[in-house]
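Below is the file upload-v4.cif, which contains mmCIF, C-alpha atoms.
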data_model
loop_
_atom_site.label_atom_id
_atom_site.label_comp_id
_atom_site.auth_asym_id
_atom_site.auth_seq_id
_atom_site.Cartn_x
_atom_site.Cartn_y
_atom_site.Cartn_z
CA MET A 1 337.50 47.24 113.69
CA LYS A 2 339.48 45.69 116.51
CA ARG A 3 338.39 46.78 119.92
CA PRO A 4 341.18 48.31 122.08
CA GLY A 5 343.21 45.66 123.85
CA GLY A 6 341.56 42.86 121.85
CA ASP A 7 344.75 40.86 121.27
CA LYS A 8 345.80 41.27 124.90
CA ASP A 9 342.40 40.08 126.08
CA LYS A 10 342.65 37.00 123.86
CA LEU A 11 346.10 36.25 125.24
CA ALA A 12 344.83 36.70 128.78
CA ASP A 13 341.89 34.39 128.06
CA LYS A 14 344.26 31.79 126.62
CA GLU A 15 346.57 31.96 129.66
CA LYS A 16 343.57 31.69 131.96
CA ALA A 17 342.27 28.66 130.05
CA ILE A 18 345.42 26.63 130.67
CA GLU A 19 345.55 27.42 134.39
CA LEU A 20 343.10 24.58 135.01
CA GLU A 21 343.40 21.02 133.77
CA GLU A 22 340.50 18.60 133.95
CA VAL A 23 341.04 14.89 134.61
CA THR A 24 338.51 12.09 134.99
CA VAL A 25 339.14 9.49 137.68
CA GLY A 26 336.62 6.80 138.53
CA GLY A 27 333.91 8.55 136.59
CA LYS A 28 334.43 11.85 138.41
CA ILE A 29 335.91 15.02 136.92
CA PHE A 30 338.59 16.83 138.92
CA GLN A 31 340.33 20.11 138.20
CA LEU A 32 344.09 20.48 138.60
CA LYS A 33 345.32 24.02 138.96
CA HIS A 34 348.61 24.98 137.30
CA GLU A 35 350.63 27.27 139.52
CA ASN A 36 354.23 28.24 140.25
CA VAL A 37 354.70 27.44 143.93
CA PRO A 38 357.53 28.83 146.11
CA ILE A 39 359.99 25.99 146.61
CA GLU A 40 359.96 26.40 150.40
CA LYS A 41 356.27 25.48 150.36
CA CYS A 42 356.96 22.07 148.77
CA GLU A 43 358.34 19.02 150.55
CA LEU A 44 359.60 15.66 149.40
CA ASP A 45 357.65 12.50 150.10
CA PRO A 46 360.19 9.91 151.37
CA SER A 47 357.41 7.30 151.54
CA ASN A 48 356.90 7.50 147.77
CA PRO A 49 357.37 3.88 146.63
CA ARG A 50 359.31 4.88 143.53
CA ILE A 51 362.18 6.44 145.54
CA LYS A 52 361.72 4.76 148.93
CA TYR A 53 364.33 2.08 148.35
CA ARG A 54 366.88 4.75 147.41
CA LEU A 55 366.39 6.42 150.74
CA SER A 56 366.52 3.22 152.80
CA HIS A 57 370.32 3.43 153.09
CA ALA A 58 370.61 7.20 153.59
CA SER A 59 372.53 6.90 156.86
CA GLY A 60 373.06 10.33 158.35
CA LYS A 61 371.66 12.08 155.28
CA THR A 62 368.40 13.81 154.57
CA ALA A 63 366.23 12.42 151.80
CA GLU A 64 367.22 15.36 149.62
CA GLN A 65 370.96 14.86 150.19
CA GLU A 66 370.68 11.19 149.33
CA LEU A 67 368.80 11.85 146.10
CA LEU A 68 371.28 14.50 144.99
CA ASP A 69 374.14 12.00 145.30
CA TRP A 70 372.66 9.72 142.65
CA ARG A 71 374.18 9.98 139.19
CA ASP A 72 370.88 10.24 137.30
CA ILE A 73 369.76 13.07 139.60
CA ILE A 74 373.07 14.87 139.05
CA LEU A 75 372.47 14.61 135.29
CA LEU A 76 368.85 15.72 135.73
CA CYS A 77 369.99 18.78 137.67
CA LYS A 78 372.45 19.72 134.93
CA ASP A 79 369.75 19.30 132.31
CA ILE A 80 367.30 21.52 134.21
CA GLU A 81 369.99 24.16 134.71
CA LYS A 82 370.90 24.13 131.02
CA THR A 83 367.25 24.26 129.93
CA GLY A 84 366.45 27.04 132.42
CA GLY A 85 363.48 25.26 133.96
CA LEU A 86 361.36 22.12 134.03
CA ARG A 87 359.90 20.54 130.92
CA GLU A 88 357.01 19.15 132.93
CA ARG A 89 355.29 20.33 136.09
CA ILE A 90 355.59 18.31 139.28
CA ILE A 91 352.37 17.09 140.92
CA VAL A 92 351.64 18.17 144.50
CA GLN A 93 348.85 18.05 147.06
CA TRP A 94 348.28 20.38 150.01
CA ASN A 95 348.98 18.83 153.43
CA LEU A 96 346.77 20.67 155.88
CA THR A 97 348.64 19.39 158.95
CA ARG A 98 352.13 20.34 157.77
CA LYS A 99 351.02 23.41 155.82
CA LYS A 100 353.11 22.26 152.88
CA TYR A 101 352.57 20.83 149.41
CA LYS A 102 353.56 17.16 149.43
CA VAL A 103 355.12 16.01 146.17
CA ILE A 104 353.11 13.20 144.61
CA GLU A 105 355.20 12.97 141.45
CA GLY A 106 358.45 14.87 140.88
CA ASN A 107 360.54 14.41 144.05
CA CYS A 108 363.76 14.28 142.02
CA ARG A 109 362.86 17.42 140.09
CA LEU A 110 362.10 19.29 143.33
CA ALA A 111 365.44 18.22 144.83
CA SER A 112 367.20 19.41 141.65
CA VAL A 113 365.48 22.82 141.62
CA ARG A 114 366.25 23.29 145.32
CA SER A 115 369.92 22.59 144.68
CA LEU A 116 369.90 25.20 141.91
CA HIS A 117 368.21 27.66 144.25
CA ALA A 118 371.02 27.08 146.76
CA LYS A 119 373.58 27.61 144.00
CA TYR A 120 371.92 30.72 142.51
CA THR A 121 370.14 32.26 145.50
CA ASP A 122 368.92 35.39 143.74
CA ASP A 123 368.03 33.86 140.36
CA PRO A 124 364.23 34.21 139.91
CA ARG A 125 364.09 30.99 137.86
CA TRP A 126 364.76 28.89 140.96
CA GLN A 127 362.52 30.67 143.48
CA THR A 128 359.42 28.76 142.46
CA ILE A 129 358.63 25.45 140.80
CA PRO A 130 355.86 24.77 138.23
CA CYS A 131 353.23 22.52 139.80
CA LYS A 132 349.95 20.78 139.14
CA LEU A 133 347.88 21.14 142.31
CA LEU A 134 345.73 18.14 143.13
CA PRO A 135 342.48 18.75 145.02
CA SER A 136 343.09 18.22 148.74
CA ASP A 137 340.14 15.80 148.91
CA LEU A 138 341.49 13.48 146.19
CA ASP A 139 342.27 10.20 148.01
CA GLU A 140 345.27 7.91 147.46
CA ARG A 141 343.31 5.37 145.46
CA ALA A 142 342.16 7.98 142.95
CA ILE A 143 345.67 9.46 142.80
CA SER A 144 347.16 6.03 142.07
CA ILE A 145 344.70 5.42 139.24
CA MET A 146 345.51 8.83 137.77
CA LEU A 147 349.28 8.23 137.99
CA MET A 148 348.82 4.80 136.41
CA ASP A 149 347.03 6.40 133.49
CA TRP A 150 349.68 9.10 133.03
CA TYR A 151 352.97 7.34 133.72
CA VAL A 152 352.44 3.58 133.35
CA VAL A 153 350.28 3.39 130.23
CA GLY A 154 350.62 6.99 129.06
CA LYS A 155 353.09 8.68 126.66
CA ILE A 156 355.51 9.72 129.42
CA GLN A 157 356.45 6.48 131.15
CA TRP A 158 358.26 5.71 134.36
CA LYS A 159 361.19 3.33 134.43
CA PRO A 160 360.26 -0.38 134.82
CA HIS A 161 361.16 -0.51 138.53
CA GLU A 162 359.02 2.59 139.19
CA LYS A 163 356.06 0.98 137.46
CA GLY A 164 356.58 -2.08 139.63
CA ALA A 165 356.62 0.05 142.77
CA GLN A 166 353.39 1.78 141.80
CA VAL A 167 351.62 -1.49 140.99
CA ALA A 168 352.85 -3.03 144.26
CA LYS A 169 351.55 -0.05 146.23
CA MET A 170 348.13 -0.32 144.63
CA ASN A 171 347.93 -4.02 145.44
CA MET A 172 349.75 -4.35 148.77
CA VAL A 173 349.11 -0.98 150.44
CA LEU A 174 345.83 0.24 148.97
CA ARG A 175 344.51 -3.34 148.75
CA MET A 176 343.20 -2.91 145.24
CA PRO A 177 342.22 -6.25 143.65
CA MET A 178 344.47 -7.60 140.89
CA ASP A 179 341.61 -7.57 138.38
CA GLU A 180 341.07 -3.87 139.01
CA ILE A 181 344.75 -3.04 138.55
CA VAL A 182 344.75 -5.10 135.34
CA LEU A 183 341.90 -2.95 134.06
CA TYR A 184 343.67 0.35 134.77
CA MET A 185 347.05 -0.90 133.56
CA ARG A 186 345.52 -2.35 130.39
CA THR A 187 347.59 -5.52 130.55
CA SER A 188 347.36 -9.15 131.64
CA LYS A 189 346.96 -10.45 135.17
CA SER A 190 350.22 -12.41 134.85
CA THR A 191 352.09 -9.16 134.07
CA VAL A 192 350.66 -7.42 137.13
CA GLU A 193 351.48 -10.39 139.35
CA ARG A 194 355.02 -10.50 137.96
CA LEU A 195 355.58 -6.82 138.76
CA VAL A 196 354.25 -7.21 142.31
CA HIS A 197 356.39 -10.30 143.02
CA ALA A 198 359.50 -8.69 141.51
CA HIS A 199 359.06 -5.50 143.54
CA LYS A 200 358.57 -7.48 146.73
CA ALA A 201 361.63 -9.65 146.05
CA VAL A 202 363.84 -6.63 145.34
CA THR A 203 362.72 -4.45 148.26
CA GLU A 204 362.24 -7.12 150.93
CA ARG A 205 365.05 -9.54 150.07
CA PHE A 206 367.62 -8.23 147.60
CA LEU A 207 368.17 -4.82 149.18
CA THR A 208 368.35 -6.22 152.72
CA ILE A 209 370.13 -9.57 152.36
CA ASP A 210 373.65 -9.92 153.87
CA ASN A 211 373.30 -6.66 155.81
CA GLY A 212 372.43 -4.63 152.72
CA ALA A 213 375.39 -5.76 150.62
CA TYR A 214 373.52 -4.93 147.41
CA GLU A 215 371.37 -2.04 148.60
CA GLN A 216 372.59 0.35 145.90
CA GLN A 217 371.99 -2.05 143.02
CA GLY A 218 368.20 -2.02 143.01
CA GLU A 219 367.64 -0.25 139.70
CA ARG A 220 370.42 -2.12 137.89
CA CYS A 221 369.10 -5.51 138.94
CA TRP A 222 365.35 -4.97 138.70
CA SER A 223 365.07 -6.53 135.24
CA LEU A 224 366.67 -9.79 136.43
CA PHE A 225 364.02 -10.27 139.10
CA GLU A 226 361.24 -9.41 136.69
CA GLN A 227 362.65 -11.99 134.29
CA MET A 228 362.86 -14.60 137.03
CA TYR A 229 359.13 -14.32 137.70
CA ARG A 230 358.45 -14.51 133.98
CA TYR A 231 359.49 -18.17 133.75
CA LYS A 232 357.38 -20.91 135.27
CA GLU A 233 360.32 -23.19 136.12
CA LEU A 234 362.02 -20.48 138.19
CA ARG A 235 358.78 -19.43 139.88
CA THR A 236 358.26 -23.07 140.86
CA MET A 237 361.78 -23.29 142.28
CA ALA A 238 361.26 -20.12 144.31
CA LYS A 239 357.96 -21.40 145.67
CA ALA A 240 359.26 -24.89 146.52
CA ASP A 241 362.57 -23.83 148.09
CA PRO A 242 362.65 -20.86 150.50
CA GLU A 243 366.42 -20.57 150.03
CA PHE A 244 366.25 -20.30 146.24
CA LEU A 245 365.34 -16.61 146.31
CA ASP A 246 368.23 -15.87 148.68
CA ASP A 247 370.58 -17.71 146.32
CA PHE A 248 369.17 -15.80 143.36
CA CYS A 249 369.71 -12.49 145.19
CA ARG A 250 373.38 -13.33 145.71
CA TRP A 251 373.86 -14.55 142.15
CA VAL A 252 372.43 -11.28 140.88
CA GLY A 253 374.26 -9.05 143.35
CA ASP A 254 377.63 -10.70 142.74
CA GLY A 255 377.20 -10.49 138.97
CA ARG A 256 377.05 -14.27 138.49
CA ILE A 257 374.03 -13.67 136.22
CA PRO A 258 375.24 -10.88 133.90
CA LEU A 259 372.05 -9.72 132.17
CA GLY A 260 368.28 -9.94 132.42
CA ALA A 261 368.20 -11.84 129.13
CA ASP A 262 370.41 -14.55 130.69
CA VAL A 263 367.79 -15.45 133.30
CA ARG A 264 365.79 -17.40 130.72
CA GLN A 265 368.57 -20.02 130.55
CA LEU A 266 369.01 -20.36 134.30
CA ALA A 267 366.47 -23.15 134.74
CA GLN A 268 368.20 -25.23 132.05
CA ILE A 269 371.59 -24.65 133.68
CA LEU A 270 370.33 -25.60 137.13
CA GLY A 271 368.66 -28.68 135.67
CA ASP A 272 372.04 -30.07 134.55
CA SER A 273 374.18 -31.25 137.50
CA GLN A 274 377.55 -30.43 135.91
CA ALA A 275 376.40 -27.05 134.63
CA ALA A 276 374.79 -26.20 137.98
CA LYS A 277 378.01 -27.01 139.86
CA LYS A 278 380.07 -24.84 137.50
CA PHE A 279 377.54 -21.99 137.78
CA LYS A 280 377.48 -22.02 141.59
CA GLU A 281 381.15 -22.65 142.27
CA GLY A 282 383.02 -21.27 139.26
CA ASN A 283 384.68 -17.88 138.83
CA VAL A 284 382.02 -15.15 139.09
CA LYS A 285 383.01 -13.50 135.81
CA THR A 286 383.06 -16.67 133.71
CA ALA A 287 380.73 -19.06 135.54
CA PHE A 288 377.59 -18.27 133.57
CA ALA A 289 379.21 -18.64 130.13
CA GLU A 290 380.96 -21.87 131.11
CA SER A 291 377.88 -23.41 132.71
CA LYS A 292 375.80 -22.41 129.71
CA ARG A 293 378.28 -24.20 127.43
CA LEU A 294 378.05 -27.37 129.55
CA ALA A 295 374.25 -27.29 129.59
CA ALA A 296 374.17 -26.79 125.81
CA GLN A 297 375.93 -30.13 125.35
CA GLN A 298 372.78 -31.78 126.71
CA ASP A 299 370.28 -29.22 125.36
CA PRO A 300 371.45 -27.41 122.18
CA SER A 301 368.38 -25.13 122.25
CA ILE A 302 370.16 -23.04 124.91
CA ASN A 303 372.48 -21.53 122.30
CA SER A 304 370.42 -21.89 119.12
CA ASP A 305 367.18 -20.35 117.89
CA PHE A 306 366.97 -23.20 115.37
CA PHE A 307 366.95 -25.87 118.06
CA LYS A 308 364.54 -23.79 120.16
CA LEU A 309 362.18 -23.88 117.18
CA LEU A 310 362.64 -27.64 116.81
CA ALA A 311 361.83 -28.07 120.51
CA LYS A 312 358.62 -26.05 120.10
CA VAL A 313 357.59 -28.11 117.08
CA ARG A 314 358.33 -31.35 118.94
CA LEU A 315 356.22 -30.23 121.91
CA ALA A 316 353.39 -29.20 119.61
CA LEU A 317 353.44 -32.58 117.83
CA THR A 318 353.28 -34.49 121.11
CA ASP A 319 350.66 -32.25 122.75
CA ALA A 320 347.34 -34.03 123.06
CA ALA A 321 345.60 -30.67 122.91
CA GLN A 322 346.30 -30.35 119.16
CA VAL A 323 343.11 -32.24 118.29
CA LYS A 324 341.80 -29.44 116.08
CA GLU A 325 344.98 -29.46 114.01
CA VAL A 326 344.86 -33.25 113.58
CA LEU A 327 341.26 -33.05 112.33
CA LYS A 328 342.20 -30.15 110.05
CA ILE A 329 344.99 -32.17 108.45
CA ARG A 330 342.68 -35.14 107.99
CA THR A 331 339.99 -33.12 106.22
CA GLU A 332 341.72 -30.20 104.46
CA LYS A 333 344.08 -30.62 101.49
CA ALA A 334 346.00 -27.36 102.14
CA ALA A 335 346.73 -28.31 105.75
CA ARG A 336 347.79 -31.81 104.72
CA LYS A 337 350.07 -30.40 101.99
CA GLN A 338 351.76 -28.02 104.45
CA LEU A 339 352.53 -30.90 106.82
CA LEU A 340 353.94 -33.03 103.98
CA ASP A 341 356.05 -30.10 102.69
CA THR A 342 357.44 -29.65 106.20
CA TYR A 343 358.21 -33.38 106.38
CA ASP A 344 360.04 -33.25 103.04
CA ALA A 345 362.05 -30.21 104.20
CA LEU A 346 362.98 -31.97 107.46
CA MET A 347 364.08 -35.12 105.62
CA GLY A 348 366.18 -33.03 103.22
CA PHE A 349 367.82 -31.21 106.13
CA MET A 350 368.58 -34.53 107.86
CA GLN A 351 370.31 -35.80 104.72
CA LEU A 352 372.48 -32.66 104.61
CA ALA A 353 373.38 -33.25 108.26
CA ASP A 354 374.16 -36.95 107.60
CA VAL A 355 371.42 -38.10 109.97
CA ASP A 356 369.88 -41.48 109.23
CA PRO A 357 366.40 -41.73 110.82
CA GLU A 358 366.79 -45.50 110.97
CA HIS A 359 369.70 -45.28 113.43
#
As structure tokens, the full file:
Amino acid sequence: MKRPGGDKDKLADKEKAIELEEVTVGGKIFQLKHENVPIEKCELDPSNPRIKYRLSHASGKTAEQELLDWRDIILLCKDIEKTGGLRERIIVQWNLTRKKYKVIEGNCRLASVRSLHAKYTDDPRWQTIPCKLLPSDLDERAISIMLMDWYVVGKIQWKPHEKGAQVAKMNMVLRMPMDEIVLYMRTSKSTVERLVHAHKAVTERFLTIDNGAYEQQGERCWSLFEQMYRYKELRTMAKADPEFLDDFCRWVGDGRIPLGADVRQLAQILGDSQAAKKFKEGNVKTAFAESKRLAAQQDPSINSDFFKLLAKVRLALTDAAQVKEVLKIRTEKAARKQLLDTYDALMGFMQLADVDPEH
């Protein structure tokens, strides 16, 4: 026989069970309380590195007004209104001095809900906002590790520039060693270094150069800076010539480099005098394509995956480090056969292309 109120008690127990969420940070277990907080008790965090650059040019506007002017926030607000609420709780922490909950993650969602509250003053859906309440004694280092786990390597991921901002904060503000960040990010040291350098270049140079001429292009151009630090030749140029990064900022801001994928060919273009002149002085809209065509006359691998492959093979064959492979070919029939088959295929291809190896 069911005891009176049994189903209601089970439902109450279930609701109570999800009010608290346990997370482990640095070997310690913390509890995050789930609660709907009145929106007037929450405040934005303009120092948040993932939105800070957006607010750097908010002349005469509050942080909230600036955020609400951005297209993606306008779309987010419409989505929240249509859905009737948030899909995911924002993360807040009590600020004892200000007597407010500071938003750790979810500034844009808070701004959107506040705008809906202003639009529908009496609608109960927009009086409060679903939150995860961090313990007040959880320090910034622990919070950063937790956010890294949730939004950088977790299922719900930030945009690339937001990941870069978080990694840069951990390294440059919280002074966390690179090796430690690598551990929490579950990636390579070169990837972490690339994100830190790209974030620094965008925030300290690109958004401020020429009196902020490109200050609203940060998100659009982030991938180009990340790509620049991916390639050794470009990193070397930036390190050797202090003006190179300023030039790169202007090339990106003016649209002279159209896409992030185009950055990989920039070193080859700059390495050819004619192509470099066309790239720097030609029409902004056509300069990259024209300079790429000129550079390809000297290096066909720029426009061809086939010639890129040939270049890799050539480098491998002339690399003194391939000692193991040489010994393998000398001693193993299968390895020797594969090399001879490749030689036969190359000779056959050369005949089709009317290439005489003797000339």
Test item: the PyMOL selection byres ((chain A and resi 184-197) around 6) resolved as a count of residues only: 9
The PyMOL selection byres ((chain A and resi 86) around 12) applied to the shown file, residues as an NGL selection string: :A and (36 or 76-85 or 87-90 or 106 or 108-110 or 112-113 or 125-126 or 128-131)
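Between atom CA of A:Val173 and atom CA of A:Val263 the separation is 29.2 Å.
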Taking (371.1, 12.7, 143.5) in the file's coordinates, which residues come within 12 Å, counting all atoms listed in the file, written as a tab-separated table (two decimals) with C-alpha atoms, in the frame of the given file?
chain	number	residue	atom	x	y	z
A	51	ILE	CA	362.18	6.44	145.54
A	54	ARG	CA	366.88	4.75	147.41
A	55	LEU	CA	366.39	6.42	150.74
A	58	ALA	CA	370.61	7.20	153.59
A	61	LYS	CA	371.66	12.08	155.28
A	62	THR	CA	368.40	13.81	154.57
A	63	ALA	CA	366.23	12.42	151.80
A	64	GLU	CA	367.22	15.36	149.62
A	65	GLN	CA	370.96	14.86	150.19
A	66	GLU	CA	370.68	11.19	149.33
A	67	LEU	CA	368.80	11.85	146.10
A	68	LEU	CA	371.28	14.50	144.99
A	69	ASP	CA	374.14	12.00	145.30
A	70	TRP	CA	372.66	9.72	142.65
A	71	ARG	CA	374.18	9.98	139.19
A	72	ASP	CA	370.88	10.24	137.30
A	73	ILE	CA	369.76	13.07	139.60
A	74	ILE	CA	373.07	14.87	139.05
A	75	LEU	CA	372.47	14.61	135.29
A	76	LEU	CA	368.85	15.72	135.73
A	77	CYS	CA	369.99	18.78	137.67
A	78	LYS	CA	372.45	19.72	134.93
A	107	ASN	CA	360.54	14.41	144.05
A	108	CYS	CA	363.76	14.28	142.02
A	109	ARG	CA	362.86	17.42	140.09
A	110	LEU	CA	362.10	19.29	143.33
A	111	ALA	CA	365.44	18.22	144.83
A	112	SER	CA	367.20	19.41	141.65
A	113	VAL	CA	365.48	22.82	141.62
A	114	ARG	CA	366.25	23.29	145.32
A	115	SER	CA	369.92	22.59	144.68
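For the pair atom CA of A:Arg98 and atom CA of A:Glu43, the separation is 9.6 Å.
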I'd like to see the residues matched by the PyMOL selection byres ((chain A and resi 232) around 12) on this file, and ideally I'd get them as a CSV table (one decimal) with C-alpha atoms, keeping the file's coordinate frame.
chain,number,residue,atom,x,y,z
A,190,SER,CA,350.2,-12.4,134.8
A,194,ARG,CA,355.0,-10.5,138.0
A,227,GLN,CA,362.6,-12.0,134.3
A,228,MET,CA,362.9,-14.6,137.0
A,229,TYR,CA,359.1,-14.3,137.7
A,230,ARG,CA,358.4,-14.5,134.0
A,231,TYR,CA,359.5,-18.2,133.8
A,233,GLU,CA,360.3,-23.2,136.1
A,234,LEU,CA,362.0,-20.5,138.2
A,235,ARG,CA,358.8,-19.4,139.9
A,236,THR,CA,358.3,-23.1,140.9
A,237,MET,CA,361.8,-23.3,142.3
A,238,ALA,CA,361.3,-20.1,144.3
A,239,LYS,CA,358.0,-21.4,145.7
A,263,VAL,CA,367.8,-15.4,133.3
A,264,ARG,CA,365.8,-17.4,130.7
A,266,LEU,CA,369.0,-20.4,134.3
A,267,ALA,CA,366.5,-23.2,134.7
Interatomic distance, atom CA of A:Gln297 to atom CA of A:Asn283 (Å, one decimal): 20.2 Å
Best match for closeness to A:Leu259 among A:Arg220, A:Lys280, A:Lys292, A:Lys155, counting only C-alpha atoms: A:Arg220
Spatial neighbours of A:Val252, 10 Å, only C-alpha atoms, chain gap at least 3 places, as a ChimeraX atom specification: /A:206,214,217,220-222,224-225,246-249,255-260,263
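Between A:His117 and the residues A:Gly154, A:Asp356, A:Glu40, A:Ala316, the shortest atom-to-atom distance, using all atoms listed in the file, involves A:Glu40.
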